[in-house]
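Chemist: If you scroll down you'll find the structure; I have some questions about it.
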Amino acid sequence: MKVAIAGKGGAGKTTIAGTLARIIAERGQQVVAIDDDSNPNLALTVGVDRNAAATLDGIPRDMLVERTDADGTTRLVLAVPAEDFIDRYGVPVREGLTLLVMGGPNHGGSG
Amino acid sequence: MRGVVGGLVEGASRTTIVDLEAGLEHLSRGTARHVETLLIVGEPYFKSLETARRSFALAKELGIGQIRMVANKVRTPRDEDSMREYATRHGLPIATVVPYDDAVVAADERGMALIEYGPSAPSVAAIRGLADDLLTSGGVPADPAGR
């Protein structure tokens with residue numbers, strides 16, 4: 001299952017995302033919760049200490065590879081299988097639930 | 001990093017739940033392509049619903065299959081009616097209605113996860129219903145209240 005959650009700041013997007021991730025993990029699924037917001041708060045709503053969930057701003061470059069699309073734009077993509085990446089950089093929250101925090105205000109940009 | 005999120009959503013074999021940037025302007029086609037269900041969280045006031053409607057249109061353009069609104073912070077039957085009326089008028093299916101809940105504010109004030117502060121709070125109960133719908137092979141019904 002692949003779900004994304006959108007909404008204006010303050011609408012409750014992150015509370016719903018984090019709570020949903022916890023419930024689905026409780027139901028026995030293996031879940032990765034990905035915080036792609038530039039103001040990352042998902043850690044709190046899934047129930048881990050904010051400081052325990054370092055952001056991925058400093059991913060080693062050998063984890064990523066530059067790819068050029070047909071239209072000539074380049075973007076960074078994973079150089080390793082997604083599951084390996086999640087195991088390596090994810091923060092274990094509890095049984096069946098892992099958190100990945102992509103980055104702070106400066107993340108984004110490419111692709 | 002955008003390509004990274006798209007690659008994670010695409011390649012992960014486990015269930016993936018992505019908390020997106022506020023607003024969909026930054027949602028890349030690469031990420032959107034692999035998302036099966038987009039939940040757009042809206043509140044019962046006009047500007048929020050307008051934003052939800054724009055996000056809905058953009059998400060449709062990006063080709064996301066199942067797009068649903070979560071009607072959040074609903075205080076009164078009148079709130080719910082006005083959201084349903086707006087959603088119906090604009091063809092924006094509502095997945096679930098989450099009531100306004102003091103537990104959300106209280107959990108936030110204490111720096112706690114909502115589900116730990118109030119595991120049986122009304123808002124959590126509503127999100128449990130949403131999870132059940134997502135886990136059902138048919139996906140999220142457009143309107144579980146059947147109205």
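In the structure tokens, chains take the letters A, B, ... in the order shown, each chain's residues start at 1, and ligands count up from 1 in the order shown.
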Counting only C-alpha atoms, give me one row per residue of chain A with an atom at most 6 Å from an atom of chain B, showing the shortest contact pair and its distance in Å to one decimal, sorted by chain then residue number, as JSON lines.
Modeler:
```
{"residue": "A:Met1", "atom": "CA", "partner": "B:Thr15", "partner_atom": "CA", "distance": 4.8}
{"residue": "A:Lys2", "atom": "CA", "partner": "B:Thr16", "partner_atom": "CA", "distance": 4.8}
{"residue": "A:Val3", "atom": "CA", "partner": "B:Thr37", "partner_atom": "CA", "distance": 4.8}
{"residue": "A:Ala4", "atom": "CA", "partner": "B:Val18", "partner_atom": "CA", "distance": 4.6}
{"residue": "A:Ile5", "atom": "CA", "partner": "B:Leu39", "partner_atom": "CA", "distance": 4.8}
{"residue": "A:Ala6", "atom": "CA", "partner": "B:Ile40", "partner_atom": "CA", "distance": 4.8}
{"residue": "A:Gly7", "atom": "CA", "partner": "B:Val41", "partner_atom": "CA", "distance": 4.8}
{"residue": "A:Lys8", "atom": "CA", "partner": "B:Ala22", "partner_atom": "CA", "distance": 5.0}
{"residue": "A:Gly9", "atom": "CA", "partner": "B:Ala22", "partner_atom": "CA", "distance": 5.5}
{"residue": "A:Lys13", "atom": "CA", "partner": "B:Val41", "partner_atom": "CA", "distance": 5.8}
{"residue": "A:Gln30", "atom": "CA", "partner": "B:Arg14", "partner_atom": "CA", "distance": 5.3}
{"residue": "A:Val31", "atom": "CA", "partner": "B:Thr15", "partner_atom": "CA", "distance": 4.6}
{"residue": "A:Val32", "atom": "CA", "partner": "B:Thr16", "partner_atom": "CA", "distance": 5.1}
{"residue": "A:Ala33", "atom": "CA", "partner": "B:Ile17", "partner_atom": "CA", "distance": 4.8}
{"residue": "A:Ile34", "atom": "CA", "partner": "B:Val18", "partner_atom": "CA", "distance": 4.6}
{"residue": "A:Asp35", "atom": "CA", "partner": "B:Asp19", "partner_atom": "CA", "distance": 5.0}
{"residue": "A:Asp36", "atom": "CA", "partner": "B:Leu20", "partner_atom": "CA", "distance": 5.0}
{"residue": "A:Asp37", "atom": "CA", "partner": "B:Glu21", "partner_atom": "CA", "distance": 4.0}
{"residue": "A:Leu44", "atom": "CA", "partner": "B:Ala113", "partner_atom": "CA", "distance": 5.7}
{"residue": "A:Thr45", "atom": "CA", "partner": "B:Ala113", "partner_atom": "CA", "distance": 4.3}
{"residue": "A:Val46", "atom": "CA", "partner": "B:Ala113", "partner_atom": "CA", "distance": 5.9}
{"residue": "A:Gly47", "atom": "CA", "partner": "B:Ala113", "partner_atom": "CA", "distance": 4.8}
{"residue": "A:Leu76", "atom": "CA", "partner": "B:Gly3", "partner_atom": "CA", "distance": 5.4}
{"residue": "A:Val77", "atom": "CA", "partner": "B:Gly3", "partner_atom": "CA", "distance": 4.9}
{"residue": "A:Leu78", "atom": "CA", "partner": "B:Val4", "partner_atom": "CA", "distance": 5.7}
{"residue": "A:Ala82", "atom": "CA", "partner": "B:Gly11", "partner_atom": "CA", "distance": 5.0}
{"residue": "A:Glu83", "atom": "CA", "partner": "B:Ala12", "partner_atom": "CA", "distance": 5.4}
{"residue": "A:Gly108", "atom": "CA", "partner": "B:Met1", "partner_atom": "CA", "distance": 5.2}
{"residue": "A:Gly111", "atom": "CA", "partner": "B:Arg2", "partner_atom": "CA", "distance": 5.7}
```
Chemist: For a quick check of understanding, using only C-alpha atoms, which of A:Arg27, A:Arg61, A:Arg22, A:Arg67 has the smallest distance to A:Leu42?
Modeler: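 Answer, going by the shortest atom-to-atom distance: A:Arg22.
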Chemist: So how far away is atom CA of B:Pro122 from atom CA of B:Ala103, in Å?
Modeler: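 Between these atoms lies a distance of 8.5 Å.
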Chemist: Could you pull out the helix (DSSP H, G or I) residues of chain A from DSSP and send them as a PyMOL selection string?
Modeler: chain A and resi 13-26+42-46+50-52+61-63+82-89
Chemist: Please, could you write that set of residues out with C-alpha atoms as a PDB file, in the first residue's frame?
Modeler:
```pdb
ATOM      1  CA  LYS A  13      -1.990  16.433   7.889  1.00  0.00           C
ATOM      2  CA  THR A  14       0.923  15.276  10.021  1.00  0.00           C
ATOM      3  CA  THR A  15      -1.218  14.134  12.950  1.00  0.00           C
ATOM      4  CA  ILE A  16      -3.297  12.038  10.581  1.00  0.00           C
ATOM      5  CA  ALA A  17      -0.235  10.646   8.760  1.00  0.00           C
ATOM      6  CA  GLY A  18       1.548   9.644  11.946  1.00  0.00           C
ATOM      7  CA  THR A  19      -1.511   8.160  13.619  1.00  0.00           C
ATOM      8  CA  LEU A  20      -2.416   6.248  10.463  1.00  0.00           C
ATOM      9  CA  ALA A  21       1.116   4.828  10.259  1.00  0.00           C
ATOM     10  CA  ARG A  22       0.932   3.638  13.862  1.00  0.00           C
ATOM     11  CA  ILE A  23      -2.477   2.017  13.385  1.00  0.00           C
ATOM     12  CA  ILE A  24      -1.496   0.228  10.188  1.00  0.00           C
ATOM     13  CA  ALA A  25       1.659  -1.097  11.856  1.00  0.00           C
ATOM     14  CA  GLU A  26      -0.501  -2.272  14.787  1.00  0.00           C
ATOM     15  CA  LEU A  42       6.135  13.422  11.763  1.00  0.00           C
ATOM     16  CA  ALA A  43       8.526  12.031  14.388  1.00  0.00           C
ATOM     17  CA  LEU A  44       6.374  13.468  17.166  1.00  0.00           C
ATOM     18  CA  THR A  45       3.104  12.086  15.839  1.00  0.00           C
ATOM     19  CA  VAL A  46       4.475   8.557  15.299  1.00  0.00           C
ATOM     20  CA  ARG A  50      12.337  14.487  17.522  1.00  0.00           C
ATOM     21  CA  ASN A  51      16.063  14.479  18.201  1.00  0.00           C
ATOM     22  CA  ALA A  52      16.274  10.744  17.649  1.00  0.00           C
ATOM     23  CA  ARG A  61      26.582  10.777  -2.193  1.00  0.00           C
ATOM     24  CA  ASP A  62      27.310   7.161  -2.943  1.00  0.00           C
ATOM     25  CA  MET A  63      23.734   6.357  -1.895  1.00  0.00           C
ATOM     26  CA  ALA A  82      14.756   1.117  -1.413  1.00  0.00           C
ATOM     27  CA  GLU A  83      14.428  -1.527   1.303  1.00  0.00           C
ATOM     28  CA  ASP A  84      18.173  -1.426   1.978  1.00  0.00           C
ATOM     29  CA  PHE A  85      18.050   2.351   2.169  1.00  0.00           C
ATOM     30  CA  ILE A  86      15.134   2.243   4.660  1.00  0.00           C
ATOM     31  CA  ASP A  87      16.913  -0.360   6.806  1.00  0.00           C
ATOM     32  CA  ARG A  88      20.061   1.717   6.867  1.00  0.00           C
ATOM     33  CA  TYR A  89      18.665   5.216   7.416  1.00  0.00           C
TER      34      TYR A  89
END
```
Chemist: List as a list of chain:residue names the protein and nucleic acid residues near A:Thr55, meaning an atom at most 8 Å away when only C-alpha atoms are counted, but skip any in the same chain fewer than 5 places from it.
Modeler: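 Residues meeting the cut-off are A:Leu100, A:Val101, A:Met102, A:Gly103, A:Gly104.
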Chemist: Now that the selection is made, can you save its residues with N, CA and C atoms as a CSV table (one decimal), in the first residue's frame?
Modeler:
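out20.csv, freshly written:
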```
chain,number,residue,atom,x,y,z
A,100,LEU,N,11.4,7.7,8.3
A,100,LEU,CA,12.5,8.3,7.5
A,100,LEU,C,12.1,9.8,7.4
A,101,VAL,N,13.1,10.6,7.8
A,101,VAL,CA,12.8,12.1,7.8
A,101,VAL,C,13.8,12.6,6.7
A,102,MET,N,13.1,13.1,5.6
A,102,MET,CA,13.9,13.5,4.4
A,102,MET,C,14.8,14.7,4.7
A,103,GLY,N,14.3,15.8,5.3
A,103,GLY,CA,15.2,16.9,5.5
A,103,GLY,C,14.5,18.1,6.0
A,104,GLY,N,15.2,19.1,6.2
A,104,GLY,CA,14.7,20.4,6.8
A,104,GLY,C,14.4,21.4,5.6
```
Chemist: Can you list, as a PyMOL selection string, all residues belonging to chain A that DSSP tags as strand (DSSP E)?
Modeler: chain A and resi 2-7+31-35+64-68+74-78+91-94+97-101
Chemist: Do you have the atom CA of B:Ala125-atom CA of B:Lys60 distance handy?
Modeler: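 Answer for the atom CA of B:Ala125 to atom CA of B:Lys60 separation: 28.9 Å.
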Chemist: Calculated over only C-alpha atoms, which of the candidates A:Asp71, A:Ala53, A:Ile59, A:Asn41 has the smallest distance to A:Leu99?
Modeler: A:Ala53
